[in-house]
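Engineer: I have a structure here, written as structure tokens, and I will follow up with some questions on it.
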Amino acid sequence: MNLDSQTIQDLQTHLETNLPHSLDMLRQMVEINSFTANAAGVDRLGQLTAELFARLGFTAVTIPAANPLYGNHLVLTRHGRTAQKVGFISHLDTVFPPDEERRNNFHWRSEGDRIYGPGTVDIKGGTIVIYMMMAALQAILPDVFNNVTWTILLNACEETGCEDFGELCLRELAGVRGGLIFEGGQMRQDRFKIVVARKGMAIFRVQVAGKASHAGSAHRRGANAIVQMADVIQRIHGLTDYGRDLTFNVGTIAGGTVINRVPHYASTTIEMRAFTPEVYESGVAAMLALNDFSTVSSADGRYACYVNVEVLRRTPPWSRNEATDALLAVWQQAAADLGYTVLPEERGGLSDGNHIWRSLPVIDGLGPSGGNSHCSERSEDGSKEQEYCLASSFVPKALLNVAGVVRLVKG
Amino acid sequence: MNNSTDILNYLAERRQEMIDFVVALARVESPTSRPETQAPVQDLLREPLEQLGFAVEIIPGEQSGGMLWARPSTLSSSQPQQLLLGHSDTVWPVGTLTEMPVEIEGNVMRGPGVLDMKSGLTQMIFALRALAELGWETAVAPIILINSDEEVGSYDSRPHIERLAQEVERVYVLEPALGSEGKIKTARKGVGEFIITVRGKAAHAGLEPENGISATLELAHLTLKLNQLNRPEEGVTVNVGVVEGGTRSNVVAAECRALVDVRAPTVAAAEALETAVNNLQPTLPGASLTIEGGFNRLPLERTPRNQALWYLAQALGQEIGLELDEGTAGGGSDGNLTSPYTATLDGLGPVGGGAHATHEHILLDSFVERTALLALLLQAPSIKQ
């Protein structure tokens, strides 16, 4: 169904009227620290979120995360009169520990159109967009609101890549018309970007064992693990292939103990990113092939360094696929009704979409527009700015998503 | 012609007195890092030197506990001079004595600083006293400099040492002998340290990896270039000993740091190595290197004049029944600072082991003969005669 202009106008008016209240709810959410490891904070935010949606008739169920150190996932459901189901995916956690927020004076701060603060765009603002959509549907399109079963899933530990939440999504969202993910998404004037693919990521730890020795009296007997690691790092960088969207990043290195000792140990963490499963798997295989690699020995020839590679984390890519493209087409049609344009975006970062796209039709980037995710610092020269969302993006984002959902359930 | 055995006999009779003096010095703890602990050691040395007719002065230090400078009160400027060089500082913090008391067990004396180098300071005093009491004239006037920052690189005392080195015709350094065979140290490697900071540019590894400049990759390139500078067959070594850098696996690293130990056996090799390190250039466009440090002490080489002094020591050793050998030390001392200016002989201190280690000790039966050797060296004629 396409929306008539009066309905569009009514929705717009409702969303605008509801915006101050919605942003006040966002402020309350942002003021609760919900760093992934702060389980109590995550649960407090879950409680506030459940109370907010209870006003619209949603019931709440909490599910402990698989990792006992983390808080509870939250499942909010409002059952409809028909079998139609739509799923919304957000998360409760942020990447900012409380002391980091204090140290960088990173708090709710409204400046012009920008609202700075932890989680404003990643992803508490996204949760608020869902709330604005539901409130608008209830008020303006009550039949749609009451016919459909709405399920909102909020991950307690998205930022650490917990996989149990993906399994929870697959259970709760079986048979949905769409799994809608509310990470932030770009919006410039009337042009919106919808995320339709995300890179996969793998994290590796490469450790090098050498042979320690005194750098002055027994240099010949030492096998320098840092030198071996340097050789390995060059080879890993050589695996990067921009033509195939395969990249490797040697993120951290550490090795040695004191300056006058030939180092016996060095280690490094490496992150790999790729868009397609084939390239992803070939990258993992190339890394694992470095196991037992050795090119550096002690000068006396008695000891050789050796290399050990482990995979610490695997999150395969969310590739372009038909189900996602079909959802994209729905949003593009909805956008046309509103005089907007929607463009697909293949993004480098991960989301819960990476875990569920094979089983559910998903699109992402439906939350507000903003920037500087994961950054709590500000620098004098402006090269570092804190995370923010744009207040002016909430209404158009919610309106587009409402139009998309209405097309989806009645289309 | 003097009889060398007179010296041996004289010192043998004072063996206990010498041991007591080492014990007294070692029981005054004097780490480099605590300048105020040096004065009590300097006081213990001042009194016997003044009794021997020396004018004793304490030259204050900027950061260290200063240095004791002693010269014969009758010294005339035309007289040839020889420098006795030592240090009063140790590597042991105050309080070490409770864990590691000064102890004597048979032929072995243990304790913090007994080897490095409170026994060497004792040898200076007793060698000079032996010459005075036996009435042996020294053609070359002995002067003494005892600094208190040798263990950290002689930053305060270096100008004084270099100035005196240019005024004297030879230097005897009372650092411990090399190894259990008591070798004289006729060569020391030069040792240097570099701190290299590598800077790139941070970027998100997933969203915009192409905008980053990886400091870890630049460090890898740098490490392999540094490693190429090793020349083990020439005794030139480069050790990338410690590296660290980067923040998270999903961020292109903006900064890394490497600590590099360099050693070389000759001044020429050290200078070439220092130049090579300072000339290292980054490989990645946009990356930068900050290279700090260098050789603190250049190598002590077997120069002709140093070797002449060694042959003299070898011959004098034979007179008192000592079969001496020479060796190369891996690390530096203040002998490295004097050698460019004048004949230098190092390692004239006692035989022992465990310098800077908890089993630091001296072998007491070496003490008398090493002190006798020093007295004979002091009494050797001037090369100008």
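In the structure tokens, chains take letters A, B, ... by order of appearance, with residues numbered from 1 within each chain and ligands from 1 in the order shown.
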Could you write out as a ChimeraX atom specification the residues of chain B within 9 Å of chain A, counting only C-alpha atoms?

Structural biologist: /B:189,191,193,204-210,214-217,219-224,227,232,237-253,256,259-263,329-331

Engineer: So that I can check the surroundings of Glu159 of chain A, please list as a list in words every protein, DNA and RNA residue that reaches within 10 Å of it, counting only C-alpha atoms and ignoring chain neighbours fewer than 6 positions away.

Structural biologist: Phe35, Thr36, His91, Leu92, Asp93, Thr94, Val95, Asp122, Leu350, Ser351, Asp352 and His374 of chain A

Engineer: For the residues selected in the previous step, produce a file with N, CA, C and O atoms as a PDB file, in the first residue's frame.

Structural biologist:
```pdb
ATOM      1  N   PHE A  35      28.019   0.406  29.004  1.00  0.00           N
ATOM      2  CA  PHE A  35      29.200  -0.293  28.479  1.00  0.00           C
ATOM      3  C   PHE A  35      28.951  -1.796  28.574  1.00  0.00           C
ATOM      4  O   PHE A  35      28.387  -2.275  29.560  1.00  0.00           O
ATOM      5  N   THR A  36      29.380  -2.528  27.558  1.00  0.00           N
ATOM      6  CA  THR A  36      29.072  -3.958  27.486  1.00  0.00           C
ATOM      7  C   THR A  36      29.372  -4.689  28.801  1.00  0.00           C
ATOM      8  O   THR A  36      28.586  -5.519  29.262  1.00  0.00           O
ATOM      9  N   HIS A  91      20.527  -2.688  19.967  1.00  0.00           N
ATOM     10  CA  HIS A  91      21.288  -3.252  21.090  1.00  0.00           C
ATOM     11  C   HIS A  91      21.332  -2.279  22.249  1.00  0.00           C
ATOM     12  O   HIS A  91      21.071  -1.074  22.079  1.00  0.00           O
ATOM     13  N   LEU A  92      21.618  -2.809  23.407  1.00  0.00           N
ATOM     14  CA  LEU A  92      21.631  -2.007  24.636  1.00  0.00           C
ATOM     15  C   LEU A  92      23.015  -1.463  24.954  1.00  0.00           C
ATOM     16  O   LEU A  92      23.148  -0.409  25.577  1.00  0.00           O
ATOM     17  N   ASP A  93      24.042  -2.174  24.554  1.00  0.00           N
ATOM     18  CA  ASP A  93      25.387  -1.836  25.036  1.00  0.00           C
ATOM     19  C   ASP A  93      26.061  -0.754  24.193  1.00  0.00           C
ATOM     20  O   ASP A  93      25.677  -0.498  23.045  1.00  0.00           O
ATOM     21  N   THR A  94      27.066  -0.121  24.812  1.00  0.00           N
ATOM     22  CA  THR A  94      27.943   0.831  24.122  1.00  0.00           C
ATOM     23  C   THR A  94      29.395   0.404  24.369  1.00  0.00           C
ATOM     24  O   THR A  94      29.652  -0.505  25.153  1.00  0.00           O
ATOM     25  N   VAL A  95      30.320   1.101  23.720  1.00  0.00           N
ATOM     26  CA  VAL A  95      31.742   0.721  23.868  1.00  0.00           C
ATOM     27  C   VAL A  95      32.464   1.563  24.925  1.00  0.00           C
ATOM     28  O   VAL A  95      33.679   1.453  25.055  1.00  0.00           O
ATOM     29  N   ASP A 122      24.944   5.103  18.063  1.00  0.00           N
ATOM     30  CA  ASP A 122      25.249   3.658  18.136  1.00  0.00           C
ATOM     31  C   ASP A 122      24.935   3.171  19.545  1.00  0.00           C
ATOM     32  O   ASP A 122      25.817   3.115  20.384  1.00  0.00           O
ATOM     33  N   LEU A 350      30.794  -4.166  11.229  1.00  0.00           N
ATOM     34  CA  LEU A 350      29.906  -5.307  11.468  1.00  0.00           C
ATOM     35  C   LEU A 350      28.651  -4.866  12.201  1.00  0.00           C
ATOM     36  O   LEU A 350      28.627  -3.842  12.855  1.00  0.00           O
ATOM     37  N   SER A 351      27.606  -5.711  12.104  1.00  0.00           N
ATOM     38  CA  SER A 351      26.437  -5.541  12.971  1.00  0.00           C
ATOM     39  C   SER A 351      25.836  -6.926  13.185  1.00  0.00           C
ATOM     40  O   SER A 351      26.368  -7.927  12.698  1.00  0.00           O
ATOM     41  N   ASP A 352      24.720  -6.971  13.885  1.00  0.00           N
ATOM     42  CA  ASP A 352      24.065  -8.268  14.059  1.00  0.00           C
ATOM     43  C   ASP A 352      23.588  -8.841  12.734  1.00  0.00           C
ATOM     44  O   ASP A 352      23.313 -10.040  12.643  1.00  0.00           O
ATOM     45  N   HIS A 374      31.984   5.215  18.384  1.00  0.00           N
ATOM     46  CA  HIS A 374      33.085   4.629  19.144  1.00  0.00           C
ATOM     47  C   HIS A 374      34.146   5.653  19.546  1.00  0.00           C
ATOM     48  O   HIS A 374      35.207   5.283  20.028  1.00  0.00           O
TER      49      HIS A 374
END
```

Engineer: From a DSSP calculation on the backbone, collect every residue of segment 308-358 of chain B in helix (DSSP H, G or I) and output the set as a ChimeraX atom specification.

Structural biologist: /B:308-319,335-338

Engineer: Select from segment 53-180 of chain B everything DSSP, run on the backbone, classes as strand (DSSP E), then give the selection as a ChimeraX atom specification.

Structural biologist: /B:54-59,67-72,81-87,103-105,108-110,141-147,170-173

Engineer: Could you give me, as a ChimeraX atom specification, the residues within 12 Å of Ala326 of chain A, counting only C-alpha atoms and dropping anything in the same chain fewer than 4 positions from it?

Structural biologist: /A:177-178,196,320-322,330-333,344,360-363,404,408,411

Engineer: Could you give me, as a list in words, the residues within 7 Å of Thr82 of chain A, counting only C-alpha atoms and dropping anything in the same chain fewer than 2 positions from it?

Structural biologist: Gly80, Gln84, Asn147 and Val148 of chain A

Engineer: Residues as selected, N, CA, C and O atoms, written as a PDB file, in the first residue's frame, can you do that?

Structural biologist:
```pdb
ATOM      1  N   GLY A  80      -0.089  -9.253  17.213  1.00  0.00           N
ATOM      2  CA  GLY A  80      -1.103  -8.663  16.332  1.00  0.00           C
ATOM      3  C   GLY A  80      -2.199  -9.662  15.997  1.00  0.00           C
ATOM      4  O   GLY A  80      -2.121 -10.838  16.359  1.00  0.00           O
ATOM      5  N   GLN A  84       1.069 -11.725  10.297  1.00  0.00           N
ATOM      6  CA  GLN A  84       2.194 -10.944   9.783  1.00  0.00           C
ATOM      7  C   GLN A  84       3.129 -10.532  10.931  1.00  0.00           C
ATOM      8  O   GLN A  84       2.663 -10.076  11.977  1.00  0.00           O
ATOM      9  N   ASN A 147      -2.731  -5.139  13.621  1.00  0.00           N
ATOM     10  CA  ASN A 147      -2.741  -6.388  12.856  1.00  0.00           C
ATOM     11  C   ASN A 147      -1.424  -7.153  12.932  1.00  0.00           C
ATOM     12  O   ASN A 147      -1.408  -8.372  12.872  1.00  0.00           O
ATOM     13  N   VAL A 148      -0.350  -6.420  13.006  1.00  0.00           N
ATOM     14  CA  VAL A 148       0.964  -7.043  12.851  1.00  0.00           C
ATOM     15  C   VAL A 148       1.548  -7.408  14.223  1.00  0.00           C
ATOM     16  O   VAL A 148       1.334  -6.710  15.212  1.00  0.00           O
TER      17      VAL A 148
END
```

Engineer: Do a neighbour search on segment 282-296 of chain B at 6 Å with only C-alpha atoms, toss out local chain neighbours closer than 6 positions, and write the hits as a PyMOL selection string.

Structural biologist: chain B and resi 191-200

Engineer: With N, CA and C atoms retained, export the selected residues as a compact mmCIF listing (two decimals), in the first residue's frame.

Structural biologist:
```
# COMPACT_ATOMS: atom_id res chain seq x y z
N VAL B 191 79.00 0.61 23.45
CA VAL B 191 77.60 0.23 23.59
C VAL B 191 76.73 1.45 23.39
N GLY B 192 75.68 1.28 22.64
CA GLY B 192 74.74 2.39 22.45
C GLY B 192 73.30 1.92 22.53
N GLU B 193 72.44 2.88 22.70
CA GLU B 193 71.00 2.59 22.74
C GLU B 193 70.27 3.60 21.86
N PHE B 194 69.33 3.09 21.11
CA PHE B 194 68.46 3.97 20.34
C PHE B 194 67.01 3.73 20.76
N ILE B 195 66.26 4.82 20.83
CA ILE B 195 64.80 4.73 20.96
C ILE B 195 64.23 5.26 19.65
N ILE B 196 63.53 4.41 18.95
CA ILE B 196 62.98 4.84 17.66
C ILE B 196 61.46 4.85 17.74
N THR B 197 60.89 6.00 17.45
CA THR B 197 59.44 6.14 17.45
C THR B 197 58.97 6.20 16.00
N VAL B 198 58.02 5.34 15.68
CA VAL B 198 57.48 5.27 14.33
C VAL B 198 56.08 5.85 14.36
N ARG B 199 55.82 6.80 13.49
CA ARG B 199 54.47 7.38 13.45
C ARG B 199 53.83 7.16 12.09
N GLY B 200 52.57 6.73 12.13
CA GLY B 200 51.79 6.59 10.91
C GLY B 200 50.52 7.41 11.06
```

Engineer: Considering only C-alpha atoms, return as a list in words whatever protein or nucleic-acid residues lie within 9 Å of segment 1-11 of chain B, sequence-local ones (same chain, fewer than 6 positions apart) excluded.

Structural biologist: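 With the cut-off at 9 Å, the set is Met18, Phe126, Ala127, Ala130, Leu131, Leu134, Trp136, Leu316, Glu319, Ile320, Val368, Glu369, Thr371, Ala372, Leu373, Ala375 and Leu376 of chain B.
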
Engineer: Write a file of the selected residues as a PDB file, in the first residue's frame, keeping N, CA, C and O atoms.

Structural biologist:
```pdb
ATOM      1  N   MET B  18      93.448  -4.360  54.522  1.00  0.00           N
ATOM      2  CA  MET B  18      92.806  -4.099  53.234  1.00  0.00           C
ATOM      3  C   MET B  18      91.384  -4.659  53.214  1.00  0.00           C
ATOM      4  O   MET B  18      90.446  -4.004  52.760  1.00  0.00           O
ATOM      5  N   PHE B 126      95.932   1.410  49.004  1.00  0.00           N
ATOM      6  CA  PHE B 126      97.017   0.592  49.557  1.00  0.00           C
ATOM      7  C   PHE B 126      98.223   0.528  48.624  1.00  0.00           C
ATOM      8  O   PHE B 126      99.359   0.404  49.092  1.00  0.00           O
ATOM      9  N   ALA B 127      98.004   0.636  47.322  1.00  0.00           N
ATOM     10  CA  ALA B 127      99.151   0.671  46.405  1.00  0.00           C
ATOM     11  C   ALA B 127      99.948   1.954  46.634  1.00  0.00           C
ATOM     12  O   ALA B 127     101.189   1.936  46.701  1.00  0.00           O
ATOM     13  N   ALA B 130     101.758   1.720  49.963  1.00  0.00           N
ATOM     14  CA  ALA B 130     102.931   0.840  49.890  1.00  0.00           C
ATOM     15  C   ALA B 130     104.123   1.587  49.295  1.00  0.00           C
ATOM     16  O   ALA B 130     105.248   1.528  49.820  1.00  0.00           O
ATOM     17  N   LEU B 131     103.864   2.306  48.198  1.00  0.00           N
ATOM     18  CA  LEU B 131     104.959   3.046  47.552  1.00  0.00           C
ATOM     19  C   LEU B 131     105.521   4.092  48.509  1.00  0.00           C
ATOM     20  O   LEU B 131     106.741   4.246  48.638  1.00  0.00           O
ATOM     21  N   LEU B 134     107.363   2.354  51.525  1.00  0.00           N
ATOM     22  CA  LEU B 134     108.612   1.709  51.128  1.00  0.00           C
ATOM     23  C   LEU B 134     109.608   2.743  50.593  1.00  0.00           C
ATOM     24  O   LEU B 134     110.751   2.409  50.295  1.00  0.00           O
ATOM     25  N   TRP B 136     109.459   4.376  47.751  1.00  0.00           N
ATOM     26  CA  TRP B 136     109.726   4.305  46.315  1.00  0.00           C
ATOM     27  C   TRP B 136     109.205   5.559  45.641  1.00  0.00           C
ATOM     28  O   TRP B 136     108.049   5.917  45.778  1.00  0.00           O
ATOM     29  N   LEU B 316     105.533  -6.733  34.325  1.00  0.00           N
ATOM     30  CA  LEU B 316     105.563  -6.478  35.760  1.00  0.00           C
ATOM     31  C   LEU B 316     104.869  -7.601  36.530  1.00  0.00           C
ATOM     32  O   LEU B 316     105.279  -7.963  37.637  1.00  0.00           O
ATOM     33  N   GLU B 319     107.150 -10.411  37.236  1.00  0.00           N
ATOM     34  CA  GLU B 319     108.084 -10.145  38.343  1.00  0.00           C
ATOM     35  C   GLU B 319     107.538 -10.622  39.683  1.00  0.00           C
ATOM     36  O   GLU B 319     108.281 -10.962  40.589  1.00  0.00           O
ATOM     37  N   ILE B 320     106.206 -10.584  39.814  1.00  0.00           N
ATOM     38  CA  ILE B 320     105.624 -11.040  41.085  1.00  0.00           C
ATOM     39  C   ILE B 320     104.887 -12.372  40.906  1.00  0.00           C
ATOM     40  O   ILE B 320     104.026 -12.741  41.710  1.00  0.00           O
ATOM     41  N   VAL B 368      95.967  -9.152  47.123  1.00  0.00           N
ATOM     42  CA  VAL B 368      97.321  -8.672  47.420  1.00  0.00           C
ATOM     43  C   VAL B 368      98.138  -8.537  46.127  1.00  0.00           C
ATOM     44  O   VAL B 368      98.753  -7.505  45.860  1.00  0.00           O
ATOM     45  N   GLU B 369      98.072  -9.556  45.278  1.00  0.00           N
ATOM     46  CA  GLU B 369      98.911  -9.518  44.078  1.00  0.00           C
ATOM     47  C   GLU B 369      98.430  -8.485  43.064  1.00  0.00           C
ATOM     48  O   GLU B 369      99.236  -7.843  42.397  1.00  0.00           O
ATOM     49  N   THR B 371      96.989  -5.690  43.867  1.00  0.00           N
ATOM     50  CA  THR B 371      97.386  -4.397  44.426  1.00  0.00           C
ATOM     51  C   THR B 371      98.887  -4.163  44.194  1.00  0.00           C
ATOM     52  O   THR B 371      99.327  -3.048  43.860  1.00  0.00           O
ATOM     53  N   ALA B 372      99.677  -5.232  44.333  1.00  0.00           N
ATOM     54  CA  ALA B 372     101.118  -5.133  44.071  1.00  0.00           C
ATOM     55  C   ALA B 372     101.368  -4.759  42.610  1.00  0.00           C
ATOM     56  O   ALA B 372     102.233  -3.917  42.303  1.00  0.00           O
ATOM     57  N   LEU B 373     100.594  -5.381  41.717  1.00  0.00           N
ATOM     58  CA  LEU B 373     100.738  -5.067  40.291  1.00  0.00           C
ATOM     59  C   LEU B 373     100.460  -3.587  40.040  1.00  0.00           C
ATOM     60  O   LEU B 373     101.186  -2.915  39.304  1.00  0.00           O
ATOM     61  N   ALA B 375     100.779  -1.123  42.159  1.00  0.00           N
ATOM     62  CA  ALA B 375     101.885  -0.327  42.704  1.00  0.00           C
ATOM     63  C   ALA B 375     103.053  -0.308  41.723  1.00  0.00           C
ATOM     64  O   ALA B 375     103.663   0.748  41.464  1.00  0.00           O
ATOM     65  N   LEU B 376     103.348  -1.458  41.136  1.00  0.00           N
ATOM     66  CA  LEU B 376     104.454  -1.523  40.176  1.00  0.00           C
ATOM     67  C   LEU B 376     104.154  -0.695  38.925  1.00  0.00           C
ATOM     68  O   LEU B 376     105.038  -0.033  38.380  1.00  0.00           O
TER      69      LEU B 376
END
```

Engineer: Neighbouring residues of segment 146-151 of chain B were defined as those with any atom within 7 Å, considering only C-alpha atoms; residues of the same chain fewer than 6 positions away were excluded. Please report them as a ChimeraX atom specification.

Structural biologist: /B:32,38,64-69,85-91,157,334
